[in-house]
Amino acid sequence: MGEYTCSTEQIAHAIRTYDGVRRKKEIGAMVRDLHIDSQAVIASFGEDAAVIKNGSDALLLAADGIWSKLMDADPYWAGYCAVLVNIHDIAAMGGRPLAMVDVFSLSDDRIKNLVIQGMHEASRQFGVPIVGGHLHPDAPYSVIDIAILGIAPIDSLIYSNTASAGDKVLIAIDLNGRVHPSCFLNWDSATLRTAEEVRGQIGVMQEIGTRKLVTAGKDISNPGIIGSLGMLLEVSGKGADIYLDKIPHPDLEKHKITFEHWLRMYPGMGFVLTAREECVDTITGLFDKHGMTACTIGTVNDSGELRIIHNDSSAIVFDFSKNGGVMHLGTYP
């Protein structure tokens, strides 16, 4: 399998039309309908977690639900991922996850037991307890949603909306994994790591925040590498030029996937970051110590366009002033 079997325009189209990207477009309408009026709320929509002032600290509050397709494919993995994605949201902001609560609707005891096993394993591995929640034991469907609470010093937070023109765009991913057997769009590295290893990887983001090494950051979620970067640029009101040959990836031949497929995958541990050039070596060194590959893949600019480039070919994935970006927040002028 060749790394670039598609043109840049074909890759851009595949990212724009991918369900993991398209499902985010409803967020903008919800944001416009919900009005926040609280001096304690420092940040909310567009960030991985809401930021609530609590003295010199910030409480970080986030929630995530699991795609029904994943629940149907593998209830155990759905339970594991329900915990994993929430921990990623807190880590992406430089926070320390404290505890979680869940809302569980179920129609089948077999599914219930498998989901709980997955949740328990992830909770144990990352050391973040599930302390309560709500159960619908007689629902006509099975769904798991989790909310998480985290904490960080206010002056150590990593936001999504603070990228600046001239910043370098970095990707940090644990490439030591596998395509998950139950979901071909999930890259699983976390279950292959020890508790000490995954906690160390999460801890890198806390150190980066404390040392103020990045200008912005976000976890790589369902929209994949480019889609998640698009969300960061959208709320920052910026654009970027991204070089496809700089994006780290596993052995595509070995794992029987294409490069375009890799760009859409949800990684077991992955973040997209922006940083000043003088901080790049320090950041990549920190991730390297914890088994993650981090490197520069492009540069932030004021264009309002996310452009992918390979050799002499380029294509615009998102034009935030025209097509609304990923979340359709309408933040770009």
# chains A, B, ... in the order shown; residues from 1 in each chain; ligands from 1

call {"tool": "residues_around", "arguments": {"residues": "region 166-169 of chain A", "least_positions_apart": "2", "cutoff": "10 Å", "atoms": "only C-alpha atoms", "output": "list in words"}}
result
Ala163, Ser164, Ile171, Val214, Thr215, Ala216, Gly217, Leu229, Ala240, Asp241, Ile242, Val272, Leu273, Thr274, Ala275, Arg276, Glu277, Glu278, Cys279, Val280, Cys295, Thr296, Ile297, Gly298, Thr299, Val300, Asn301 and Asp302 of chain A

call {"tool": "select_by_dssp", "arguments": {"residues": "region 103-268 of chain A", "states": "helix (DSSP H, G or I)", "output": "short mmCIF file (atom, residue, chain, number, x, y, z; two decimals) with all heavy atoms, in the first residue's frame"}}
result
data_model
loop_
_atom_site.label_atom_id
_atom_site.label_comp_id
_atom_site.auth_asym_id
_atom_site.auth_seq_id
_atom_site.Cartn_x
_atom_site.Cartn_y
_atom_site.Cartn_z
N ASP A 109 -28.26 -7.14 29.26
CA ASP A 109 -27.33 -7.39 30.36
C ASP A 109 -25.93 -7.77 29.88
O ASP A 109 -24.93 -7.44 30.52
CB ASP A 109 -27.88 -8.49 31.27
CG ASP A 109 -28.94 -7.98 32.24
OD1 ASP A 109 -29.05 -6.75 32.38
OD2 ASP A 109 -29.65 -8.82 32.82
N ARG A 110 -25.84 -8.46 28.75
CA ARG A 110 -24.53 -8.83 28.22
C ARG A 110 -23.74 -7.58 27.87
O ARG A 110 -22.56 -7.46 28.21
CB ARG A 110 -24.70 -9.71 26.98
CG ARG A 110 -23.37 -10.19 26.39
CD ARG A 110 -23.57 -10.80 25.01
NE ARG A 110 -23.96 -9.81 24.03
CZ ARG A 110 -23.09 -9.05 23.34
NH1 ARG A 110 -21.79 -9.17 23.55
NH2 ARG A 110 -23.53 -8.18 22.45
N ILE A 111 -24.41 -6.63 27.21
CA ILE A 111 -23.76 -5.38 26.87
C ILE A 111 -23.36 -4.63 28.14
O ILE A 111 -22.25 -4.10 28.24
CB ILE A 111 -24.69 -4.52 25.99
CG1 ILE A 111 -24.82 -5.14 24.60
CG2 ILE A 111 -24.18 -3.08 25.89
CD1 ILE A 111 -25.75 -4.41 23.68
N LYS A 112 -24.25 -4.61 29.12
CA LYS A 112 -23.96 -3.92 30.38
C LYS A 112 -22.67 -4.44 31.00
O LYS A 112 -21.78 -3.65 31.38
CB LYS A 112 -25.11 -4.12 31.36
CG LYS A 112 -24.85 -3.53 32.75
CD LYS A 112 -25.86 -4.00 33.78
CE LYS A 112 -25.63 -5.46 34.13
NZ LYS A 112 -26.52 -5.94 35.22
N ASN A 113 -22.54 -5.74 31.12
CA ASN A 113 -21.37 -6.32 31.78
C ASN A 113 -20.08 -6.02 31.03
O ASN A 113 -19.05 -5.71 31.63
CB ASN A 113 -21.55 -7.83 31.92
CG ASN A 113 -22.69 -8.20 32.85
OD1 ASN A 113 -23.03 -7.43 33.74
ND2 ASN A 113 -23.27 -9.38 32.65
N LEU A 114 -20.13 -6.06 29.71
CA LEU A 114 -18.93 -5.78 28.91
C LEU A 114 -18.53 -4.31 28.99
O LEU A 114 -17.34 -3.98 29.11
CB LEU A 114 -19.17 -6.19 27.45
CG LEU A 114 -19.23 -7.69 27.19
CD1 LEU A 114 -19.72 -7.97 25.78
CD2 LEU A 114 -17.87 -8.34 27.42
N VAL A 115 -19.52 -3.41 28.92
CA VAL A 115 -19.22 -1.97 29.03
C VAL A 115 -18.60 -1.66 30.38
O VAL A 115 -17.60 -0.93 30.47
CB VAL A 115 -20.50 -1.14 28.81
CG1 VAL A 115 -20.24 0.33 29.14
CG2 VAL A 115 -20.98 -1.26 27.37
N ILE A 116 -19.15 -2.22 31.44
CA ILE A 116 -18.63 -1.97 32.78
C ILE A 116 -17.21 -2.50 32.92
O ILE A 116 -16.34 -1.85 33.52
CB ILE A 116 -19.56 -2.58 33.84
CG1 ILE A 116 -20.87 -1.79 33.90
CG2 ILE A 116 -18.89 -2.60 35.21
CD1 ILE A 116 -21.92 -2.39 34.81
N GLN A 117 -16.95 -3.67 32.34
CA GLN A 117 -15.59 -4.20 32.38
C GLN A 117 -14.60 -3.24 31.70
O GLN A 117 -13.50 -3.00 32.20
CB GLN A 117 -15.54 -5.56 31.69
CG GLN A 117 -16.20 -6.69 32.44
CD GLN A 117 -16.25 -7.98 31.63
OE1 GLN A 117 -15.42 -8.20 30.74
NE2 GLN A 117 -17.21 -8.83 31.91
N GLY A 118 -14.99 -2.72 30.54
CA GLY A 118 -14.13 -1.78 29.82
C GLY A 118 -13.90 -0.50 30.60
O GLY A 118 -12.76 0.00 30.68
N MET A 119 -14.97 0.04 31.18
CA MET A 119 -14.84 1.25 31.99
C MET A 119 -13.93 1.01 33.19
O MET A 119 -13.06 1.84 33.50
CB MET A 119 -16.23 1.70 32.46
CG MET A 119 -17.14 2.20 31.36
SD MET A 119 -18.87 2.34 31.91
CE MET A 119 -18.72 3.50 33.27
N HIS A 120 -14.12 -0.12 33.86
CA HIS A 120 -13.31 -0.43 35.04
C HIS A 120 -11.84 -0.56 34.69
O HIS A 120 -10.97 -0.03 35.41
CB HIS A 120 -13.82 -1.72 35.69
CG HIS A 120 -12.93 -2.21 36.80
ND1 HIS A 120 -12.88 -1.60 38.04
CD2 HIS A 120 -12.04 -3.23 36.85
CE1 HIS A 120 -12.01 -2.23 38.81
NE2 HIS A 120 -11.48 -3.22 38.11
N GLU A 121 -11.54 -1.22 33.58
CA GLU A 121 -10.14 -1.42 33.20
C GLU A 121 -9.46 -0.09 32.89
O GLU A 121 -8.34 0.17 33.33
CB GLU A 121 -10.06 -2.36 31.99
CG GLU A 121 -8.64 -2.56 31.46
CD GLU A 121 -7.67 -3.09 32.50
OE1 GLU A 121 -8.12 -3.77 33.46
OE2 GLU A 121 -6.46 -2.82 32.36
N ALA A 122 -10.13 0.78 32.14
CA ALA A 122 -9.54 2.08 31.81
C ALA A 122 -9.40 2.95 33.06
O ALA A 122 -8.38 3.63 33.25
CB ALA A 122 -10.38 2.80 30.77
N SER A 123 -10.41 2.92 33.93
CA SER A 123 -10.36 3.69 35.18
C SER A 123 -9.18 3.24 36.04
O SER A 123 -8.44 4.06 36.60
CB SER A 123 -11.67 3.51 35.94
OG SER A 123 -11.60 4.09 37.23
N ARG A 124 -8.98 1.93 36.13
CA ARG A 124 -7.87 1.38 36.91
C ARG A 124 -6.53 1.76 36.30
O ARG A 124 -5.59 2.17 36.99
CB ARG A 124 -8.00 -0.14 36.98
CG ARG A 124 -6.89 -0.82 37.77
CD ARG A 124 -6.68 -2.25 37.33
NE ARG A 124 -6.29 -2.35 35.93
CZ ARG A 124 -5.05 -2.12 35.49
NH1 ARG A 124 -4.09 -1.72 36.32
NH2 ARG A 124 -4.77 -2.23 34.19
N GLN A 125 -6.43 1.62 34.98
CA GLN A 125 -5.16 1.87 34.29
C GLN A 125 -4.71 3.32 34.44
O GLN A 125 -3.53 3.59 34.69
CB GLN A 125 -5.30 1.50 32.82
CG GLN A 125 -4.00 1.51 32.04
CD GLN A 125 -4.22 1.11 30.59
OE1 GLN A 125 -5.34 1.10 30.10
NE2 GLN A 125 -3.15 0.78 29.89
N PHE A 126 -5.64 4.26 34.28
CA PHE A 126 -5.30 5.68 34.34
C PHE A 126 -5.37 6.25 35.75
O PHE A 126 -4.96 7.38 35.99
CB PHE A 126 -6.20 6.48 33.40
CG PHE A 126 -5.83 6.35 31.95
CD1 PHE A 126 -6.38 5.34 31.18
CD2 PHE A 126 -4.92 7.20 31.36
CE1 PHE A 126 -6.04 5.19 29.84
CE2 PHE A 126 -4.56 7.07 30.03
CZ PHE A 126 -5.12 6.06 29.27
N ILE A 154 -4.56 27.93 37.15
CA ILE A 154 -5.10 28.78 36.08
C ILE A 154 -4.02 29.22 35.11
O ILE A 154 -4.24 29.30 33.90
CB ILE A 154 -5.83 30.00 36.69
CG1 ILE A 154 -7.18 29.55 37.27
CG2 ILE A 154 -6.05 31.09 35.65
CD1 ILE A 154 -8.00 30.66 37.89
N ASP A 155 -2.82 29.50 35.62
CA ASP A 155 -1.78 30.01 34.74
C ASP A 155 -1.03 28.90 33.98
O ASP A 155 -0.06 29.17 33.29
CB ASP A 155 -0.78 30.87 35.53
CG ASP A 155 -0.07 30.11 36.63
OD1 ASP A 155 -0.35 28.90 36.81
OD2 ASP A 155 0.78 30.71 37.32
N SER A 156 -1.51 27.64 34.11
CA SER A 156 -0.87 26.54 33.39
C SER A 156 -1.78 25.93 32.32
O SER A 156 -1.41 24.94 31.69
CB SER A 156 -0.48 25.42 34.38
OG SER A 156 0.48 25.88 35.30
N ALA A 190 -3.16 2.48 23.96
CA ALA A 190 -3.31 2.55 25.41
C ALA A 190 -3.41 1.18 26.06
O ALA A 190 -2.81 0.93 27.11
CB ALA A 190 -4.52 3.41 25.77
N THR A 191 -4.18 0.25 25.47
CA THR A 191 -4.34 -1.05 26.11
C THR A 191 -3.07 -1.87 26.07
O THR A 191 -2.94 -2.87 26.79
CB THR A 191 -5.49 -1.87 25.46
OG1 THR A 191 -5.13 -2.20 24.12
CG2 THR A 191 -6.80 -1.09 25.47
N LEU A 192 -2.12 -1.48 25.23
CA LEU A 192 -0.85 -2.20 25.12
C LEU A 192 0.21 -1.62 26.04
O LEU A 192 1.33 -2.14 26.10
CB LEU A 192 -0.36 -2.16 23.67
CG LEU A 192 -1.35 -2.64 22.61
CD1 LEU A 192 -0.73 -2.53 21.22
CD2 LEU A 192 -1.81 -4.07 22.88
N ALA A 195 0.02 0.81 33.23
CA ALA A 195 -0.57 1.96 33.90
C ALA A 195 0.46 3.08 34.07
O ALA A 195 0.17 4.25 33.86
CB ALA A 195 -1.13 1.54 35.27
N GLU A 196 1.68 2.72 34.43
CA GLU A 196 2.74 3.72 34.60
C GLU A 196 3.01 4.46 33.30
O GLU A 196 3.21 5.68 33.29
CB GLU A 196 4.01 3.04 35.10
CG GLU A 196 5.17 4.01 35.33
CD GLU A 196 6.44 3.30 35.79
OE1 GLU A 196 6.47 2.05 35.78
OE2 GLU A 196 7.40 4.00 36.15
N GLU A 197 3.00 3.74 32.19
CA GLU A 197 3.31 4.36 30.89
C GLU A 197 2.22 5.34 30.47
O GLU A 197 2.52 6.46 30.05
CB GLU A 197 3.50 3.27 29.84
CG GLU A 197 4.81 2.51 29.98
CD GLU A 197 4.90 1.31 29.05
OE1 GLU A 197 3.85 0.74 28.70
OE2 GLU A 197 6.04 0.94 28.68
N VAL A 198 0.94 4.94 30.56
CA VAL A 198 -0.11 5.85 30.10
C VAL A 198 -0.23 7.06 31.01
O VAL A 198 -0.51 8.18 30.56
CB VAL A 198 -1.48 5.15 29.95
CG1 VAL A 198 -1.41 4.09 28.87
CG2 VAL A 198 -1.97 4.58 31.27
N ARG A 199 -0.01 6.86 32.29
CA ARG A 199 -0.06 8.00 33.21
C ARG A 199 1.10 8.96 32.94
O ARG A 199 0.96 10.18 33.06
CB ARG A 199 -0.04 7.52 34.66
CG ARG A 199 -1.27 6.72 35.04
CD ARG A 199 -1.24 6.24 36.48
NE ARG A 199 -2.22 5.18 36.71
CZ ARG A 199 -2.52 4.67 37.90
NH1 ARG A 199 -1.90 5.11 38.99
NH2 ARG A 199 -3.42 3.70 38.02
N GLY A 200 2.24 8.41 32.55
CA GLY A 200 3.37 9.27 32.18
C GLY A 200 3.08 10.07 30.93
O GLY A 200 3.45 11.24 30.83
N GLN A 201 2.40 9.46 29.95
CA GLN A 201 2.06 10.17 28.72
C GLN A 201 1.09 11.31 28.99
O GLN A 201 1.23 12.40 28.44
CB GLN A 201 1.47 9.17 27.71
CG GLN A 201 2.49 8.19 27.17
CD GLN A 201 1.90 7.14 26.26
OE1 GLN A 201 0.71 6.85 26.31
NE2 GLN A 201 2.73 6.55 25.40
N ILE A 202 0.10 11.07 29.84
CA ILE A 202 -0.83 12.13 30.24
C ILE A 202 -0.08 13.23 30.99
O ILE A 202 -0.35 14.43 30.82
CB ILE A 202 -1.95 11.55 31.12
CG1 ILE A 202 -2.87 10.64 30.30
CG2 ILE A 202 -2.76 12.65 31.78
CD1 ILE A 202 -3.60 11.33 29.19
N GLY A 203 0.88 12.82 31.80
CA GLY A 203 1.64 13.79 32.59
C GLY A 203 2.48 14.74 31.76
O GLY A 203 2.80 15.84 32.20
N VAL A 204 2.86 14.33 30.53
CA VAL A 204 3.63 15.22 29.66
C VAL A 204 2.85 16.51 29.41
O VAL A 204 3.41 17.61 29.44
CB VAL A 204 3.96 14.53 28.32
CG1 VAL A 204 4.60 15.53 27.35
CG2 VAL A 204 4.91 13.36 28.54
N MET A 205 1.55 16.38 29.17
CA MET A 205 0.74 17.57 28.89
C MET A 205 0.68 18.49 30.11
O MET A 205 0.67 19.72 29.97
CB MET A 205 -0.67 17.16 28.46
CG MET A 205 -0.73 16.45 27.12
SD MET A 205 -0.10 17.46 25.75
CE MET A 205 -1.34 18.75 25.69
N GLN A 206 0.66 17.93 31.31
CA GLN A 206 0.69 18.76 32.51
C GLN A 206 2.01 19.52 32.61
O GLN A 206 2.03 20.71 32.95
CB GLN A 206 0.48 17.88 33.74
CG GLN A 206 -0.88 17.21 33.82
CD GLN A 206 -0.98 16.25 34.99
OE1 GLN A 206 -0.52 16.52 36.10
NE2 GLN A 206 -1.59 15.09 34.75
N GLU A 207 3.11 18.83 32.32
CA GLU A 207 4.42 19.50 32.37
C GLU A 207 4.52 20.59 31.30
O GLU A 207 5.04 21.68 31.57
CB GLU A 207 5.54 18.48 32.18
CG GLU A 207 6.92 19.11 32.27
CD GLU A 207 8.05 18.10 32.29
OE1 GLU A 207 7.76 16.88 32.33
OE2 GLU A 207 9.22 18.52 32.26
N ILE A 208 4.00 20.31 30.10
CA ILE A 208 4.02 21.30 29.03
C ILE A 208 3.23 22.54 29.44
O ILE A 208 3.66 23.68 29.18
CB ILE A 208 3.45 20.68 27.74
CG1 ILE A 208 4.49 19.77 27.10
CG2 ILE A 208 3.02 21.75 26.75
CD1 ILE A 208 3.98 18.98 25.92
N GLY A 209 2.09 22.33 30.08
CA GLY A 209 1.30 23.46 30.54
C GLY A 209 2.00 24.26 31.63
O GLY A 209 2.04 25.49 31.59
N THR A 210 2.57 23.56 32.60
CA THR A 210 3.28 24.23 33.70
C THR A 210 4.46 25.06 33.18
O THR A 210 4.70 26.18 33.65
CB THR A 210 3.78 23.19 34.71
OG1 THR A 210 2.66 22.48 35.25
CG2 THR A 210 4.54 23.86 35.86
N GLY A 224 -10.09 12.91 13.65
CA GLY A 224 -8.77 12.54 13.18
C GLY A 224 -7.76 13.67 13.28
O GLY A 224 -8.04 14.74 13.83
N ILE A 225 -6.56 13.45 12.74
CA ILE A 225 -5.46 14.39 12.90
C ILE A 225 -5.79 15.75 12.28
O ILE A 225 -5.72 16.79 12.95
CB ILE A 225 -4.17 13.82 12.26
CG1 ILE A 225 -3.71 12.58 13.02
CG2 ILE A 225 -3.07 14.88 12.22
CD1 ILE A 225 -2.59 11.82 12.33
N ILE A 226 -6.15 15.77 11.01
CA ILE A 226 -6.41 17.03 10.32
C ILE A 226 -7.70 17.67 10.81
O ILE A 226 -7.79 18.89 10.99
CB ILE A 226 -6.46 16.82 8.79
CG1 ILE A 226 -5.13 16.23 8.30
CG2 ILE A 226 -6.75 18.13 8.08
CD1 ILE A 226 -3.93 17.11 8.51
N GLY A 227 -8.74 16.86 11.04
CA GLY A 227 -10.00 17.40 11.53
C GLY A 227 -9.86 18.04 12.90
O GLY A 227 -10.43 19.10 13.17
N SER A 228 -9.08 17.41 13.79
CA SER A 228 -8.87 17.98 15.13
C SER A 228 -8.07 19.27 15.06
O SER A 228 -8.35 20.23 15.78
CB SER A 228 -8.16 16.96 16.03
OG SER A 228 -8.96 15.81 16.20
N LEU A 229 -7.06 19.29 14.18
CA LEU A 229 -6.33 20.55 13.96
C LEU A 229 -7.27 21.61 13.43
O LEU A 229 -7.18 22.78 13.82
CB LEU A 229 -5.18 20.31 12.98
CG LEU A 229 -4.43 21.57 12.52
CD1 LEU A 229 -3.81 22.30 13.70
CD2 LEU A 229 -3.38 21.21 11.48
N GLY A 230 -8.19 21.23 12.55
CA GLY A 230 -9.17 22.18 12.03
C GLY A 230 -9.99 22.81 13.13
O GLY A 230 -10.29 24.01 13.09
N MET A 231 -10.37 22.02 14.15
CA MET A 231 -11.13 22.56 15.27
C MET A 231 -10.32 23.59 16.05
O MET A 231 -10.83 24.63 16.45
CB MET A 231 -11.57 21.41 16.19
CG MET A 231 -12.55 20.45 15.54
SD MET A 231 -12.80 18.93 16.49
CE MET A 231 -13.74 19.56 17.90
N LEU A 232 -9.03 23.30 16.25
CA LEU A 232 -8.15 24.24 16.96
C LEU A 232 -8.01 25.54 16.19
O LEU A 232 -8.13 26.64 16.75
CB LEU A 232 -6.79 23.58 17.19
CG LEU A 232 -5.75 24.36 17.99
CD1 LEU A 232 -4.79 23.38 18.69
CD2 LEU A 232 -4.92 25.30 17.12
N LEU A 233 -7.76 25.44 14.89
CA LEU A 233 -7.59 26.64 14.07
C LEU A 233 -8.89 27.44 13.99
O LEU A 233 -8.87 28.68 13.96
CB LEU A 233 -7.12 26.25 12.68
CG LEU A 233 -5.74 25.60 12.58
CD1 LEU A 233 -5.50 25.07 11.18
CD2 LEU A 233 -4.64 26.59 12.98
N GLU A 234 -10.01 26.74 13.94
CA GLU A 234 -11.31 27.41 13.84
C GLU A 234 -11.55 28.33 15.02
O GLU A 234 -11.96 29.49 14.85
CB GLU A 234 -12.41 26.35 13.75
CG GLU A 234 -13.81 26.90 13.55
CD GLU A 234 -14.84 25.81 13.39
OE1 GLU A 234 -14.48 24.61 13.40
OE2 GLU A 234 -16.03 26.15 13.23
N VAL A 235 -11.31 27.83 16.24
CA VAL A 235 -11.57 28.67 17.42
C VAL A 235 -10.48 29.71 17.61
O VAL A 235 -10.69 30.72 18.28
CB VAL A 235 -11.75 27.82 18.70
CG1 VAL A 235 -12.98 26.95 18.59
CG2 VAL A 235 -10.52 26.98 19.01
N SER A 236 -9.30 29.47 17.02
CA SER A 236 -8.22 30.47 17.11
C SER A 236 -8.35 31.54 16.03
O SER A 236 -7.66 32.57 16.10
CB SER A 236 -6.85 29.78 16.96
OG SER A 236 -6.52 29.00 18.08
N LEU A 244 2.03 16.93 4.33
CA LEU A 244 1.61 15.56 4.58
C LEU A 244 2.78 14.63 4.86
O LEU A 244 2.67 13.70 5.67
CB LEU A 244 0.81 15.04 3.39
CG LEU A 244 -0.54 15.73 3.12
CD1 LEU A 244 -1.22 15.09 1.92
CD2 LEU A 244 -1.44 15.67 4.35
N ASP A 245 3.93 14.86 4.21
CA ASP A 245 5.05 13.96 4.42
C ASP A 245 5.71 14.14 5.78
O ASP A 245 6.58 13.34 6.16
CB ASP A 245 6.09 14.12 3.30
CG ASP A 245 6.67 15.51 3.22
OD1 ASP A 245 6.09 16.44 3.81
OD2 ASP A 245 7.71 15.69 2.54
N LYS A 246 5.30 15.15 6.53
CA LYS A 246 5.84 15.37 7.87
C LYS A 246 4.99 14.69 8.95
O LYS A 246 5.41 14.62 10.12
CB LYS A 246 5.91 16.87 8.18
CG LYS A 246 6.78 17.68 7.22
CD LYS A 246 8.24 17.32 7.34
CE LYS A 246 9.10 18.23 6.47
NZ LYS A 246 10.54 17.83 6.53
N LEU A 252 2.45 1.52 7.56
CA LEU A 252 1.14 1.38 6.93
C LEU A 252 0.99 0.02 6.27
O LEU A 252 -0.09 -0.59 6.31
CB LEU A 252 0.93 2.50 5.91
CG LEU A 252 1.03 3.93 6.45
CD1 LEU A 252 0.89 4.93 5.31
CD2 LEU A 252 -0.04 4.18 7.51
N GLU A 253 2.06 -0.46 5.66
CA GLU A 253 2.02 -1.76 5.00
C GLU A 253 1.74 -2.86 6.03
O GLU A 253 0.91 -3.75 5.82
CB GLU A 253 3.34 -2.02 4.30
CG GLU A 253 3.31 -3.15 3.28
CD GLU A 253 2.70 -2.72 1.96
OE1 GLU A 253 2.97 -1.60 1.51
OE2 GLU A 253 1.96 -3.54 1.40
N LYS A 254 2.44 -2.79 7.14
CA LYS A 254 2.30 -3.80 8.18
C LYS A 254 0.87 -3.85 8.72
O LYS A 254 0.32 -4.93 8.98
CB LYS A 254 3.27 -3.51 9.32
CG LYS A 254 3.10 -4.38 10.54
CD LYS A 254 4.05 -3.96 11.65
CE LYS A 254 3.79 -4.75 12.93
NZ LYS A 254 4.71 -4.30 14.04
N HIS A 255 0.28 -2.67 8.91
CA HIS A 255 -1.05 -2.62 9.51
C HIS A 255 -2.18 -2.61 8.49
O HIS A 255 -3.35 -2.48 8.85
CB HIS A 255 -1.15 -1.38 10.42
CG HIS A 255 -0.24 -1.45 11.61
ND1 HIS A 255 -0.52 -2.24 12.71
CD2 HIS A 255 0.95 -0.85 11.87
CE1 HIS A 255 0.46 -2.11 13.60
NE2 HIS A 255 1.35 -1.27 13.11
N PHE A 259 -2.52 5.83 3.95
CA PHE A 259 -2.23 7.08 4.64
C PHE A 259 -3.51 7.88 4.86
O PHE A 259 -3.71 8.47 5.93
CB PHE A 259 -1.24 7.90 3.81
CG PHE A 259 -0.86 9.21 4.45
CD1 PHE A 259 -0.06 9.25 5.58
CD2 PHE A 259 -1.31 10.41 3.91
CE1 PHE A 259 0.29 10.46 6.17
CE2 PHE A 259 -0.96 11.62 4.49
CZ PHE A 259 -0.16 11.64 5.62
N GLU A 260 -4.39 7.90 3.88
CA GLU A 260 -5.66 8.62 4.02
C GLU A 260 -6.49 8.03 5.15
O GLU A 260 -7.13 8.75 5.92
CB GLU A 260 -6.43 8.55 2.69
CG GLU A 260 -7.82 9.16 2.70
CD GLU A 260 -8.88 8.13 3.01
OE1 GLU A 260 -8.72 6.97 2.61
OE2 GLU A 260 -9.87 8.48 3.68
N HIS A 261 -6.46 6.72 5.30
CA HIS A 261 -7.15 6.06 6.41
C HIS A 261 -6.55 6.50 7.75
O HIS A 261 -7.27 6.80 8.71
CB HIS A 261 -7.03 4.54 6.24
CG HIS A 261 -7.75 3.74 7.28
ND1 HIS A 261 -8.92 3.06 7.02
CD2 HIS A 261 -7.48 3.51 8.59
CE1 HIS A 261 -9.33 2.46 8.12
NE2 HIS A 261 -8.45 2.71 9.09
N TRP A 262 -5.23 6.54 7.82
CA TRP A 262 -4.54 6.94 9.05
C TRP A 262 -4.95 8.34 9.49
O TRP A 262 -5.14 8.60 10.67
CB TRP A 262 -3.03 6.86 8.84
CG TRP A 262 -2.22 7.48 9.94
CD1 TRP A 262 -1.47 8.62 9.86
CD2 TRP A 262 -2.10 7.01 11.29
NE1 TRP A 262 -0.88 8.88 11.07
CE2 TRP A 262 -1.24 7.91 11.97
CE3 TRP A 262 -2.62 5.92 11.99
CZ2 TRP A 262 -0.90 7.75 13.31
CZ3 TRP A 262 -2.28 5.75 13.33
CH2 TRP A 262 -1.43 6.66 13.98
N LEU A 263 -5.11 9.25 8.53
CA LEU A 263 -5.47 10.62 8.87
C LEU A 263 -6.84 10.71 9.54
O LEU A 263 -7.12 11.67 10.26
CB LEU A 263 -5.46 11.50 7.62
CG LEU A 263 -4.10 11.76 6.97
CD1 LEU A 263 -4.28 12.64 5.75
CD2 LEU A 263 -3.14 12.41 7.97
N ARG A 264 -7.70 9.74 9.30
CA ARG A 264 -9.06 9.77 9.87
C ARG A 264 -9.17 8.99 11.17
O ARG A 264 -10.21 9.01 11.82
CB ARG A 264 -10.06 9.22 8.86
CG ARG A 264 -10.24 10.10 7.63
CD ARG A 264 -11.29 9.53 6.71
NE ARG A 264 -10.88 8.26 6.13
CZ ARG A 264 -11.69 7.23 5.88
NH1 ARG A 264 -12.97 7.32 6.17
NH2 ARG A 264 -11.22 6.13 5.33
#

call {"tool": "residues_around", "arguments": {"residues": "Ile42 (chain A)", "least_positions_apart": "4", "cutoff": "10 Å", "atoms": "only C-alpha atoms", "output": "CSV table (one decimal) with all heavy atoms, in the first residue's frame"}}
result
chain,number,residue,atom,x,y,z
A,38,SER,N,-21.8,33.9,33.5
A,38,SER,CA,-21.2,33.6,34.7
A,38,SER,C,-19.7,34.1,34.7
A,38,SER,O,-18.9,33.7,33.8
A,38,SER,CB,-21.2,32.1,35.0
A,38,SER,OG,-20.4,31.8,36.2
A,50,ALA,N,-14.7,22.8,29.8
A,50,ALA,CA,-15.0,24.1,30.4
A,50,ALA,C,-14.1,24.4,31.5
A,50,ALA,O,-13.7,23.6,32.2
A,50,ALA,CB,-16.5,24.1,30.9
A,51,VAL,N,-13.7,25.7,31.6
A,51,VAL,CA,-12.8,26.2,32.6
A,51,VAL,C,-13.5,27.1,33.6
A,51,VAL,O,-14.1,28.1,33.3
A,51,VAL,CB,-11.6,27.0,32.0
A,51,VAL,CG1,-10.7,27.5,33.0
A,51,VAL,CG2,-10.9,26.1,30.9
A,52,ILE,N,-13.5,26.6,34.9
A,52,ILE,CA,-14.3,27.3,35.9
A,52,ILE,C,-13.3,27.8,37.0
A,52,ILE,O,-12.6,27.0,37.6
A,52,ILE,CB,-15.4,26.4,36.5
A,52,ILE,CG1,-16.3,25.9,35.4
A,52,ILE,CG2,-16.2,27.1,37.6
A,52,ILE,CD1,-17.1,24.7,35.8
A,53,LYS,N,-13.3,29.1,37.3
A,53,LYS,CA,-12.3,29.6,38.2
A,53,LYS,C,-12.6,29.1,39.6
A,53,LYS,O,-13.8,29.1,40.1
A,53,LYS,CB,-12.4,31.2,38.2
A,53,LYS,CG,-11.4,31.8,39.1
A,53,LYS,CD,-11.4,33.4,38.9
A,53,LYS,CE,-10.5,34.1,39.9
A,53,LYS,NZ,-9.1,33.7,39.8
A,58,ALA,N,-8.1,26.2,38.4
A,58,ALA,CA,-9.3,26.1,37.5
A,58,ALA,C,-9.8,24.7,37.6
A,58,ALA,O,-9.1,23.7,37.5
A,58,ALA,CB,-8.9,26.4,36.0
A,154,ILE,N,-4.6,27.9,37.2
A,154,ILE,CA,-5.1,28.8,36.1
A,154,ILE,C,-4.0,29.2,35.1
A,154,ILE,O,-4.2,29.3,33.9
A,154,ILE,CB,-5.8,30.0,36.7
A,154,ILE,CG1,-7.2,29.5,37.3
A,154,ILE,CG2,-6.1,31.1,35.7
A,154,ILE,CD1,-8.0,30.7,37.9

call {"tool": "select_by_dssp", "arguments": {"residues": "region 30-194 of chain A", "states": "strand (DSSP E)", "output": "NGL selection string"}}
result
:A and (41-43 or 50-54 or 57-65 or 96-105 or 130-136 or 143-153 or 168-173 or 178-179 or 186-188)

call {"tool": "closest_residue", "arguments": {"among": "A:His249, A:Asp74, A:Ala82, A:Leu185", "to": "Ala147 (chain A)", "atoms": "only C-alpha atoms"}}
result
A:Ala82
